[in-house]
>>> print(open('my_file_7.pdb').read())   # PDB, C-alpha atoms, pLDDT in the B column
ATOM      1  CA  MET A   1       2.159  -2.943 -13.768  1.00 95.00           C
ATOM      2  CA  ARG A   2      -1.492  -1.988 -13.366  1.00 97.00           C
ATOM      3  CA  ALA A   3      -3.202  -0.721 -10.218  1.00 98.00           C
ATOM      4  CA  LEU A   4      -6.731  -0.946  -8.836  1.00 98.00           C
ATOM      5  CA  LEU A   5      -7.842   2.039  -6.767  1.00 97.00           C
ATOM      6  CA  LEU A   6     -10.686   0.986  -4.476  1.00 94.00           C
ATOM      7  CA  ALA A   7     -12.875   4.070  -4.423  1.00 90.00           C
ATOM      8  CA  ALA A   8     -16.481   2.922  -4.100  1.00 88.00           C
ATOM      9  CA  GLY A   9     -16.949   3.215  -0.337  1.00 77.00           C
ATOM     10  CA  LEU A  10     -19.696   5.220   1.306  1.00 69.00           C
ATOM     11  CA  GLY A  11     -17.437   7.184   3.643  1.00 60.00           C
ATOM     12  CA  THR A  12     -19.932   6.921   6.506  1.00 67.00           C
ATOM     13  CA  ARG A  13     -17.480   8.169   9.157  1.00 74.00           C
ATOM     14  CA  LEU A  14     -17.046  11.426   7.239  1.00 64.00           C
ATOM     15  CA  ARG A  15     -20.730  12.305   7.081  1.00 74.00           C
ATOM     16  CA  PRO A  16     -22.166  14.860   6.511  1.00 70.00           C
ATOM     17  CA  LEU A  17     -19.265  15.741   4.159  1.00 64.00           C
ATOM     18  CA  THR A  18     -19.728  12.545   2.168  1.00 68.00           C
ATOM     19  CA  ASN A  19     -23.462  13.113   1.811  1.00 77.00           C
ATOM     20  CA  SER A  20     -22.607  15.335  -1.133  1.00 76.00           C
ATOM     21  CA  ILE A  21     -19.155  14.177  -2.249  1.00 83.00           C
ATOM     22  CA  PRO A  22     -17.590  10.720  -2.668  1.00 88.00           C
ATOM     23  CA  LYS A  23     -14.876   9.928  -0.168  1.00 86.00           C
ATOM     24  CA  CYS A  24     -12.263   9.487  -2.901  1.00 90.00           C
ATOM     25  CA  LEU A  25     -12.799  13.116  -3.961  1.00 92.00           C
ATOM     26  CA  VAL A  26     -12.536  14.667  -0.512  1.00 88.00           C
ATOM     27  CA  PRO A  27     -10.080  17.550  -0.923  1.00 89.00           C
ATOM     28  CA  ILE A  28      -6.853  17.848   1.047  1.00 91.00           C
ATOM     29  CA  GLN A  29      -5.350  21.303   0.715  1.00 90.00           C
ATOM     30  CA  GLY A  30      -7.718  21.927  -2.185  1.00 89.00           C
ATOM     31  CA  LYS A  31      -6.824  18.825  -4.197  1.00 93.00           C
ATOM     32  CA  PRO A  32      -9.124  15.770  -4.411  1.00 93.00           C
ATOM     33  CA  LEU A  33      -7.684  12.617  -2.896  1.00 93.00           C
ATOM     34  CA  LEU A  34      -7.987  10.669  -6.142  1.00 95.00           C
ATOM     35  CA  GLY A  35      -5.850  13.300  -7.840  1.00 96.00           C
ATOM     36  CA  TYR A  36      -3.001  12.595  -5.436  1.00 96.00           C
ATOM     37  CA  TRP A  37      -3.231   8.908  -6.302  1.00 97.00           C
ATOM     38  CA  PHE A  38      -3.184   9.527 -10.049  1.00 97.00           C
ATOM     39  CA  ASP A  39      -0.128  11.763  -9.791  1.00 96.00           C
ATOM     40  CA  LEU A  40       1.675   9.281  -7.551  1.00 97.00           C
ATOM     41  CA  LEU A  41       1.008   6.190  -9.640  1.00 97.00           C
ATOM     42  CA  PHE A  42       1.442   7.528 -13.137  1.00 97.00           C
ATOM     43  CA  THR A  43       4.587   9.549 -12.436  1.00 96.00           C
ATOM     44  CA  GLY A  44       5.882   6.409 -10.706  1.00 95.00           C
ATOM     45  CA  GLY A  45       5.573   4.209 -13.769  1.00 94.00           C
ATOM     46  CA  ILE A  46       2.182   2.499 -13.339  1.00 97.00           C
ATOM     47  CA  GLU A  47       0.735   1.765 -16.782  1.00 95.00           C
ATOM     48  CA  ARG A  48      -2.995   2.000 -16.107  1.00 97.00           C
ATOM     49  CA  ALA A  49      -5.341   2.399 -13.141  1.00 97.00           C
ATOM     50  CA  LEU A  50      -8.826   1.020 -12.621  1.00 98.00           C
ATOM     51  CA  VAL A  51     -11.225   2.926 -10.355  1.00 97.00           C
ATOM     52  CA  ASN A  52     -14.416   1.285  -9.088  1.00 95.00           C
ATOM     53  CA  THR A  53     -17.405   3.532  -8.485  1.00 92.00           C
ATOM     54  CA  HIS A  54     -20.624   3.330  -6.480  1.00 90.00           C
ATOM     55  CA  HIS A  55     -21.296   6.242  -4.111  1.00 83.00           C
ATOM     56  CA  HIS A  56     -21.759   9.499  -6.080  1.00 86.00           C
ATOM     57  CA  ALA A  57     -20.444   7.699  -9.157  1.00 89.00           C
ATOM     58  CA  PRO A  58     -21.214  10.550 -11.626  1.00 92.00           C
ATOM     59  CA  ALA A  59     -18.911  12.874  -9.689  1.00 93.00           C
ATOM     60  CA  VAL A  60     -16.066  10.358  -9.936  1.00 94.00           C
ATOM     61  CA  VAL A  61     -16.668   9.893 -13.656  1.00 95.00           C
ATOM     62  CA  GLU A  62     -16.615  13.649 -14.200  1.00 95.00           C
ATOM     63  CA  PHE A  63     -13.379  14.027 -12.220  1.00 95.00           C
ATOM     64  CA  VAL A  64     -11.660  11.298 -14.231  1.00 95.00           C
ATOM     65  CA  THR A  65     -12.907  12.783 -17.502  1.00 95.00           C
ATOM     66  CA  ARG A  66     -11.349  16.129 -16.607  1.00 95.00           C
ATOM     67  CA  SER A  67      -8.100  14.632 -15.289  1.00 95.00           C
ATOM     68  CA  PRO A  68      -4.878  15.021 -17.296  1.00 95.00           C
ATOM     69  CA  TRP A  69      -4.412  11.281 -16.687  1.00 95.00           C
ATOM     70  CA  ARG A  70      -7.813  10.308 -18.135  1.00 94.00           C
ATOM     71  CA  ASP A  71      -6.334   8.277 -21.011  1.00 96.00           C
ATOM     72  CA  GLN A  72      -4.675   5.959 -18.479  1.00 97.00           C
ATOM     73  CA  VAL A  73      -7.723   5.444 -16.250  1.00 97.00           C
ATOM     74  CA  ASP A  74     -10.501   2.887 -16.615  1.00 97.00           C
ATOM     75  CA  LEU A  75     -13.754   2.946 -14.650  1.00 97.00           C
ATOM     76  CA  VAL A  76     -15.988   0.122 -13.511  1.00 95.00           C
ATOM     77  CA  HIS A  77     -19.313   0.671 -11.753  1.00 94.00           C
ATOM     78  CA  GLU A  78     -20.633  -1.536  -8.955  1.00 90.00           C
ATOM     79  CA  ALA A  79     -24.386  -1.290  -8.587  1.00 91.00           C
ATOM     80  CA  LEU A  80     -23.987  -3.503  -5.511  1.00 90.00           C
ATOM     81  CA  LEU A  81     -20.771  -3.330  -3.519  1.00 89.00           C
ATOM     82  CA  LEU A  82     -18.688  -6.487  -3.898  1.00 93.00           C
ATOM     83  CA  GLY A  83     -16.234  -5.935  -1.060  1.00 94.00           C
ATOM     84  CA  THR A  84     -12.567  -5.182  -1.692  1.00 94.00           C
ATOM     85  CA  GLY A  85     -11.702  -8.748  -2.657  1.00 96.00           C
ATOM     86  CA  GLY A  86     -14.854  -9.146  -4.702  1.00 95.00           C
ATOM     87  CA  THR A  87     -13.865  -6.131  -6.781  1.00 96.00           C
ATOM     88  CA  VAL A  88     -10.424  -7.630  -7.371  1.00 96.00           C
ATOM     89  CA  LEU A  89     -11.938 -10.923  -8.534  1.00 96.00           C
ATOM     90  CA  CYS A  90     -14.615  -9.323 -10.711  1.00 94.00           C
ATOM     91  CA  ASN A  91     -11.914  -7.496 -12.669  1.00 96.00           C
ATOM     92  CA  ARG A  92      -9.306 -10.235 -12.871  1.00 95.00           C
ATOM     93  CA  GLY A  93      -9.188 -10.079 -16.670  1.00 94.00           C
ATOM     94  CA  TRP A  94      -8.175  -6.411 -16.533  1.00 96.00           C
ATOM     95  CA  PHE A  95      -4.981  -7.110 -14.560  1.00 95.00           C
ATOM     96  CA  GLY A  96      -3.324  -9.285 -17.179  1.00 90.00           C
ATOM     97  CA  ARG A  97      -0.991 -12.113 -16.201  1.00 90.00           C
ATOM     98  CA  GLY A  98       1.520 -10.375 -13.976  1.00 94.00           C
ATOM     99  CA  ALA A  99       1.647  -8.937 -10.486  1.00 96.00           C
ATOM    100  CA  PHE A 100      -0.676  -6.005  -9.823  1.00 98.00           C
ATOM    101  CA  MET A 101      -1.200  -3.289  -7.222  1.00 98.00           C
ATOM    102  CA  VAL A 102      -4.336  -2.744  -5.141  1.00 97.00           C
ATOM    103  CA  ALA A 103      -4.774   0.376  -3.006  1.00 96.00           C
ATOM    104  CA  HIS A 104      -7.535   1.667  -0.764  1.00 93.00           C
ATOM    105  CA  ALA A 105      -8.010   5.133  -2.250  1.00 89.00           C
ATOM    106  CA  ASP A 106      -9.314   6.556   1.027  1.00 87.00           C
ATOM    107  CA  ASN A 107      -5.716   6.896   2.235  1.00 92.00           C
ATOM    108  CA  LEU A 108      -3.468   9.863   1.551  1.00 93.00           C
ATOM    109  CA  SER A 109      -0.135   8.290   0.743  1.00 95.00           C
ATOM    110  CA  ARG A 110       3.220   9.283  -0.686  1.00 94.00           C
ATOM    111  CA  PHE A 111       5.937   6.749  -1.469  1.00 96.00           C
ATOM    112  CA  PRO A 112       8.329   5.836  -4.292  1.00 96.00           C
ATOM    113  CA  VAL A 113       6.344   3.484  -6.487  1.00 97.00           C
ATOM    114  CA  ALA A 114       9.548   2.052  -7.949  1.00 96.00           C
ATOM    115  CA  GLY A 115      10.750   1.191  -4.460  1.00 96.00           C
ATOM    116  CA  PHE A 116       7.522  -0.615  -3.650  1.00 97.00           C
ATOM    117  CA  ARG A 117       7.758  -2.622  -6.853  1.00 97.00           C
ATOM    118  CA  ALA A 118      11.411  -3.439  -6.181  1.00 97.00           C
ATOM    119  CA  ALA A 119      10.493  -4.719  -2.718  1.00 96.00           C
ATOM    120  CA  HIS A 120       7.971  -7.063  -4.299  1.00 97.00           C
ATOM    121  CA  ALA A 121      10.474  -8.247  -6.894  1.00 96.00           C
ATOM    122  CA  THR A 122      12.935  -9.135  -4.099  1.00 95.00           C
ATOM    123  CA  ARG A 123      10.345 -10.419  -1.612  1.00 94.00           C
ATOM    124  CA  PRO A 124      11.186 -13.437   0.566  1.00 92.00           C
ATOM    125  CA  PRO A 125      10.793 -16.863  -1.059  1.00 91.00           C
ATOM    126  CA  GLY A 126       7.237 -18.150  -0.998  1.00 92.00           C
ATOM    127  CA  ALA A 127       5.594 -14.753  -0.544  1.00 96.00           C
ATOM    128  CA  ALA A 128       2.646 -14.016  -2.846  1.00 97.00           C
ATOM    129  CA  ILE A 129       1.795 -10.570  -1.442  1.00 97.00           C
ATOM    130  CA  THR A 130       3.775  -7.483  -0.542  1.00 97.00           C
ATOM    131  CA  MET A 131       2.008  -5.274   2.001  1.00 96.00           C
ATOM    132  CA  MET A 132       2.814  -1.612   2.534  1.00 95.00           C
ATOM    133  CA  THR A 133       3.290  -0.760   6.188  1.00 94.00           C
ATOM    134  CA  PHE A 134       3.566   2.549   8.026  1.00 91.00           C
ATOM    135  CA  ASP A 135       4.040   3.730  11.602  1.00 88.00           C
ATOM    136  CA  THR A 136       0.721   4.947  12.960  1.00 85.00           C
ATOM    137  CA  ASP A 137       0.067   7.452  15.743  1.00 80.00           C
ATOM    138  CA  ASP A 138      -3.213   5.656  16.531  1.00 73.00           C
ATOM    139  CA  PRO A 139      -2.428   1.911  16.693  1.00 72.00           C
ATOM    140  CA  GLN A 140      -5.752   0.993  18.306  1.00 68.00           C
ATOM    141  CA  SER A 141      -7.546   1.993  15.102  1.00 69.00           C
ATOM    142  CA  CYS A 142      -5.296   0.061  12.710  1.00 70.00           C
ATOM    143  CA  GLY A 143      -4.247  -3.448  11.827  1.00 79.00           C
ATOM    144  CA  ILE A 144      -0.862  -3.881  13.521  1.00 84.00           C
ATOM    145  CA  VAL A 145       1.553  -6.361  11.939  1.00 86.00           C
ATOM    146  CA  ASP A 146       4.198  -8.554  13.530  1.00 85.00           C
ATOM    147  CA  LEU A 147       7.033  -9.934  11.390  1.00 85.00           C
ATOM    148  CA  ASP A 148       8.975 -13.173  11.680  1.00 86.00           C
ATOM    149  CA  GLU A 149      12.759 -13.503  11.379  1.00 82.00           C
ATOM    150  CA  GLY A 150      12.505 -13.713   7.580  1.00 83.00           C
ATOM    151  CA  GLY A 151      10.579 -10.457   7.230  1.00 84.00           C
ATOM    152  CA  LEU A 152       7.198 -12.063   6.567  1.00 92.00           C
ATOM    153  CA  VAL A 153       3.972 -11.050   8.297  1.00 93.00           C
ATOM    154  CA  ARG A 154       3.501 -13.576  11.093  1.00 90.00           C
ATOM    155  CA  THR A 155       0.494 -12.186  12.930  1.00 84.00           C
ATOM    156  CA  PHE A 156      -2.042  -9.450  12.402  1.00 80.00           C
ATOM    157  CA  HIS A 157      -3.770  -7.546  15.226  1.00 77.00           C
ATOM    158  CA  GLU A 158      -6.861  -5.800  13.863  1.00 72.00           C
ATOM    159  CA  LYS A 159      -7.982  -2.825  15.968  1.00 70.00           C
ATOM    160  CA  VAL A 160      -7.225  -4.323  19.377  1.00 69.00           C
ATOM    161  CA  ALA A 161      -7.189  -2.377  22.653  1.00 68.00           C
ATOM    162  CA  ASP A 162      -3.528  -3.059  23.467  1.00 72.00           C
ATOM    163  CA  PRO A 163      -1.648  -3.513  20.163  1.00 72.00           C
ATOM    164  CA  PRO A 164       1.958  -4.815  20.344  1.00 69.00           C
ATOM    165  CA  GLY A 165       3.478  -1.917  18.389  1.00 72.00           C
ATOM    166  CA  CYS A 166       2.695   0.818  15.899  1.00 78.00           C
ATOM    167  CA  ARG A 167       3.695  -0.711  12.567  1.00 83.00           C
ATOM    168  CA  ALA A 168       0.435  -0.962  10.663  1.00 88.00           C
ATOM    169  CA  ASN A 169      -1.025  -2.336   7.465  1.00 90.00           C
ATOM    170  CA  GLY A 170      -1.357   0.551   4.992  1.00 93.00           C
ATOM    171  CA  ALA A 171      -3.944  -1.285   2.814  1.00 93.00           C
ATOM    172  CA  VAL A 172      -1.754  -0.951  -0.272  1.00 97.00           C
ATOM    173  CA  TYR A 173      -0.641  -4.260  -1.770  1.00 97.00           C
ATOM    174  CA  ILE A 174       1.076  -5.924  -4.672  1.00 98.00           C
ATOM    175  CA  PHE A 175      -0.469  -9.317  -5.432  1.00 98.00           C
ATOM    176  CA  GLU A 176       0.805 -12.212  -7.452  1.00 97.00           C
ATOM    177  CA  PRO A 177      -1.814 -13.719  -9.827  1.00 96.00           C
ATOM    178  CA  GLU A 178      -2.221 -16.770  -7.596  1.00 95.00           C
ATOM    179  CA  VAL A 179      -4.143 -14.598  -5.134  1.00 97.00           C
ATOM    180  CA  LEU A 180      -6.871 -14.287  -7.759  1.00 96.00           C
ATOM    181  CA  ASP A 181      -7.174 -18.078  -7.835  1.00 96.00           C
ATOM    182  CA  PHE A 182      -7.482 -18.131  -4.045  1.00 97.00           C
ATOM    183  CA  ILE A 183     -10.261 -15.533  -4.058  1.00 97.00           C
ATOM    184  CA  SER A 184     -12.040 -17.412  -6.821  1.00 96.00           C
ATOM    185  CA  GLY A 185     -11.821 -20.602  -4.762  1.00 96.00           C
ATOM    186  CA  LEU A 186     -13.801 -18.975  -1.957  1.00 96.00           C
ATOM    187  CA  ASP A 187     -16.783 -19.241  -4.307  1.00 94.00           C
ATOM    188  CA  ARG A 188     -18.396 -16.034  -3.052  1.00 93.00           C
ATOM    189  CA  GLU A 189     -19.306 -12.843  -4.870  1.00 91.00           C
ATOM    190  CA  VAL A 190     -18.649 -10.555  -1.892  1.00 94.00           C
ATOM    191  CA  VAL A 191     -15.131 -10.922  -0.444  1.00 96.00           C
ATOM    192  CA  ASP A 192     -13.178  -8.682   1.931  1.00 94.00           C
ATOM    193  CA  LEU A 193      -9.394  -8.570   1.540  1.00 94.00           C
ATOM    194  CA  SER A 194      -8.633  -7.853   5.192  1.00 90.00           C
ATOM    195  CA  VAL A 195     -11.013 -10.504   6.545  1.00 91.00           C
ATOM    196  CA  ASP A 196     -10.992 -13.271   3.936  1.00 95.00           C
ATOM    197  CA  VAL A 197      -7.645 -13.016   2.135  1.00 95.00           C
ATOM    198  CA  ILE A 198      -4.879 -11.451   4.233  1.00 94.00           C
ATOM    199  CA  PRO A 199      -5.298 -13.832   7.229  1.00 93.00           C
ATOM    200  CA  ALA A 200      -5.080 -16.830   4.879  1.00 95.00           C
ATOM    201  CA  TYR A 201      -1.679 -15.649   3.622  1.00 96.00           C
ATOM    202  CA  LEU A 202       0.044 -15.101   6.988  1.00 95.00           C
ATOM    203  CA  GLY A 203       3.599 -16.353   6.579  1.00 94.00           C
ATOM    204  CA  ARG A 204       3.471 -15.540   2.872  1.00 96.00           C
ATOM    205  CA  ILE A 205       3.256 -11.728   2.991  1.00 96.00           C
ATOM    206  CA  GLY A 206       6.359  -9.600   2.547  1.00 95.00           C
ATOM    207  CA  VAL A 207       6.408  -5.941   3.515  1.00 96.00           C
ATOM    208  CA  TYR A 208       7.469  -2.587   2.150  1.00 96.00           C
ATOM    209  CA  HIS A 209       7.695   0.148   4.771  1.00 95.00           C
ATOM    210  CA  ASN A 210       6.438   3.606   3.821  1.00 96.00           C
ATOM    211  CA  ALA A 211       8.686   5.975   5.751  1.00 93.00           C
ATOM    212  CA  ASP A 212       7.449   9.059   3.869  1.00 94.00           C
ATOM    213  CA  TYR A 213       3.728   9.702   4.454  1.00 93.00           C
ATOM    214  CA  HIS A 214       0.559   7.654   4.905  1.00 93.00           C
ATOM    215  CA  ARG A 215      -2.729   8.488   6.626  1.00 90.00           C
ATOM    216  CA  ASP A 216      -6.280   7.164   6.458  1.00 86.00           C
ATOM    217  CA  ILE A 217      -8.462  10.267   6.084  1.00 84.00           C
ATOM    218  CA  GLY A 218     -11.627   8.367   6.973  1.00 78.00           C
ATOM    219  CA  THR A 219     -12.591  10.393  10.057  1.00 84.00           C
ATOM    220  CA  PRO A 220     -13.005  14.152  10.556  1.00 84.00           C
ATOM    221  CA  GLU A 221     -10.030  14.182  12.950  1.00 83.00           C
ATOM    222  CA  SER A 222      -7.692  12.328  10.574  1.00 82.00           C
ATOM    223  CA  LEU A 223      -8.799  14.588   7.725  1.00 87.00           C
ATOM    224  CA  ARG A 224      -7.961  17.632   9.838  1.00 87.00           C
ATOM    225  CA  ARG A 225      -4.550  16.184  10.596  1.00 87.00           C
ATOM    226  CA  ALA A 226      -3.861  15.557   6.914  1.00 85.00           C
ATOM    227  CA  GLU A 227      -4.825  19.128   6.086  1.00 86.00           C
ATOM    228  CA  ALA A 228      -2.426  20.438   8.732  1.00 87.00           C
ATOM    229  CA  GLU A 229       0.567  18.191   8.279  1.00 87.00           C
ATOM    230  CA  TYR A 230       0.779  17.168   4.638  1.00 85.00           C
ATOM    231  CA  ARG A 231       3.433  18.825   2.523  1.00 76.00           C
ATOM    232  CA  ARG A 232       3.369  18.343  -1.210  1.00 61.00           C
ATOM    233  CA  ALA A 233       6.601  16.993  -2.650  1.00 47.00           C
TER     234      ALA A 233
END
>>> encode(input="my_file_7.pdb", output="structure tokens")
Amino acid sequence: MRALLLAAGLGTRLRPLTNSIPKCLVPIQGKPLLGYWFDLLFTGGIERALVNTHHHAPAVVEFVTRSPWRDQVDLVHEALLLGTGGTVLCNRGWFGRGAFMVAHADNLSRFPVAGFRAAHATRPPGAAITMMTFDTDDPQSCGIVDLDEGGLVRTFHEKVADPPGCRANGAVYIFEPEVLDFISGLDREVVDLSVDVIPAYLGRIGVYHNADYHRDIGTPESLRRAEAEYRRA
């Protein structure tokens, strides 16, 4: 399996830190975020990873070049941001013909990759996506999911004032190739996964629950929490 790490964002909520460093290279306990992802994926059996660049792209290129995993990483630059789904579509030839992983690389996450893949392999009939979920301590800032009796995502509550729980979308997915055809059928260059794709697949999304560790480090407060609470395996 191959994995796309979405790493081109501007990191506006982390300014002024991200005025000089890309969000995907923000350090947690001295280690850049992208380094955590490389270690997680490649020790977990992922064959190759693709990283898209935009904001402070030269710094990302330099980091990858110096990484011990550099021979398993490909880079693609976006002069204009395509949105998360647009990036997936633009690189559809890179994924091959099988299922593939897509992760927002602005999260600090730890989970057994083999377990995630196994959950997708045994997903409920008809599901084309497996979504990673986690229990958040700030449900108002997340997309909260509600499951039906068969374990499929039934409804999705995106950053509402009174969410019906704390089980949230972790923005890490495994997609079947048919999702590429759906995105292509939208006939748009800029596509957002959470807005344009995920809602269209309600009732066809299985879940894998990350009970280990997962946090969006996109704000100064969440970054501080990650620094304080994360323990390397």
>>> resolve_selection(input="my_file_7.pdb", expression="the PyMOL selection byres ((chain A and resi 46) around 10)", output="list in words")
Met1, Arg2, Ala3, Phe38, Leu40, Leu41, Phe42, Thr43, Gly44, Gly45, Glu47, Arg48, Ala49, Gln72, Phe100, Met101, Val113, Ala114 and Arg117 of chain A
>>> resolve_selection(input="my_file_7.pdb", expression="the PyMOL selection byres ((chain A and resi 206-221) around 7)", output="PyMOL selection string")
chain A and resi 11+13-14+106-111+116+119+123-124+127+129-134+151-153+204-205+222-225
>>> atom_distance(input="my_file_7.pdb", atom1="CA of Asp146 in chain A", atom2="CA of Ala168 in chain A")
8.9 Å
>>> resolve_selection(input="my_file_7.pdb", expression="the PyMOL selection byres ((chain A and resi 156) around 10)", output="PyMOL selection string")
chain A and resi 143-147+153-155+157-159+163+168-169+194+198-199+202
>>> closest_residue(input="my_file_7.pdb", among="A:Tyr36, A:Glu229, A:Ala7, A:Gly203", to="Thr84 in chain A", atoms="all atoms listed in the file")
A:Ala7
>>> atom_distance(input="my_file_7.pdb", atom1="CA of Val73 in chain A", atom2="CA of Asn19 in chain A")
25.2 Å
>>> closest_residue(input="my_file_7.pdb", among="A:Ile174, A:His104, A:Trp94, A:Ala99", to="Leu34 in chain A", atoms="all atoms listed in the file")
A:His104
>>> closest_residue(input="my_file_7.pdb", among="A:Val76, A:Val60, A:Val102, A:Leu89", to="Leu186 in chain A", atoms="all atoms listed in the file")
A:Leu89
>>> atom_distance(input="my_file_7.pdb", atom1="CA of Gly98 in chain A", atom2="CA of Phe175 in chain A")
8.8 Å
>>> residues_near_point(input="my_file_7.pdb", point="(-12.8, 15.6, -11.0)", cutoff="10 Å", atoms="all atoms listed in the file", output="CSV table (one decimal) with C-alpha atoms, keeping the file's coordinate frame")
chain,number,residue,atom,x,y,z
A,25,LEU,CA,-12.8,13.1,-4.0
A,31,LYS,CA,-6.8,18.8,-4.2
A,32,PRO,CA,-9.1,15.8,-4.4
A,34,LEU,CA,-8.0,10.7,-6.1
A,35,GLY,CA,-5.8,13.3,-7.8
A,58,PRO,CA,-21.2,10.6,-11.6
A,59,ALA,CA,-18.9,12.9,-9.7
A,60,VAL,CA,-16.1,10.4,-9.9
A,61,VAL,CA,-16.7,9.9,-13.7
A,62,GLU,CA,-16.6,13.6,-14.2
A,63,PHE,CA,-13.4,14.0,-12.2
A,64,VAL,CA,-11.7,11.3,-14.2
A,65,THR,CA,-12.9,12.8,-17.5
A,66,ARG,CA,-11.3,16.1,-16.6
A,67,SER,CA,-8.1,14.6,-15.3
>>> residues_around(input="my_file_7.pdb", residues="Leu193 in chain A", least_positions_apart="6", cutoff="10 Å", atoms="only C-alpha atoms", output="number ranges by chain")
A: 83-88, 171, 183, 199-200
>>> write_last_selection(input="my_file_7.pdb", atoms="C-alpha atoms", output="short mmCIF file (atom, residue, chain, number, x, y, z; two decimals), in the frame of the given file")
data_model
loop_
_atom_site.label_atom_id
_atom_site.label_comp_id
_atom_site.auth_asym_id
_atom_site.auth_seq_id
_atom_site.Cartn_x
_atom_site.Cartn_y
_atom_site.Cartn_z
CA GLY A 83 -16.23 -5.94 -1.06
CA THR A 84 -12.57 -5.18 -1.69
CA GLY A 85 -11.70 -8.75 -2.66
CA GLY A 86 -14.85 -9.15 -4.70
CA THR A 87 -13.86 -6.13 -6.78
CA VAL A 88 -10.42 -7.63 -7.37
CA ALA A 171 -3.94 -1.28 2.81
CA ILE A 183 -10.26 -15.53 -4.06
CA PRO A 199 -5.30 -13.83 7.23
CA ALA A 200 -5.08 -16.83 4.88
#
>>> residues_around(input="my_file_7.pdb", residues="Ala8 in chain A", least_positions_apart="4", cutoff="6 Å", atoms="only C-alpha atoms", output="PyMOL selection string")
chain A and resi 52-55
>>> closest_residue(input="my_file_7.pdb", among="A:Ala57, A:Ala128, A:Ala103, A:Ala226", to="Val172 in chain A", atoms="all atoms listed in the file")
A:Ala103
>>> closest_residue(input="my_file_7.pdb", among="A:Leu75, A:Ala105, A:Val197, A:Val191", to="Val179 in chain A", atoms="only C-alpha atoms")
A:Val197
>>> axis_aligned_box(input="my_file_7.pdb", around="range 61-68 of chain A", padding_each_side="8 Å", output="JSON")
{"center_x": -10.8, "center_y": 13.0, "center_z": -14.9, "size_x": 27.8, "size_y": 22.2, "size_z": 21.3}
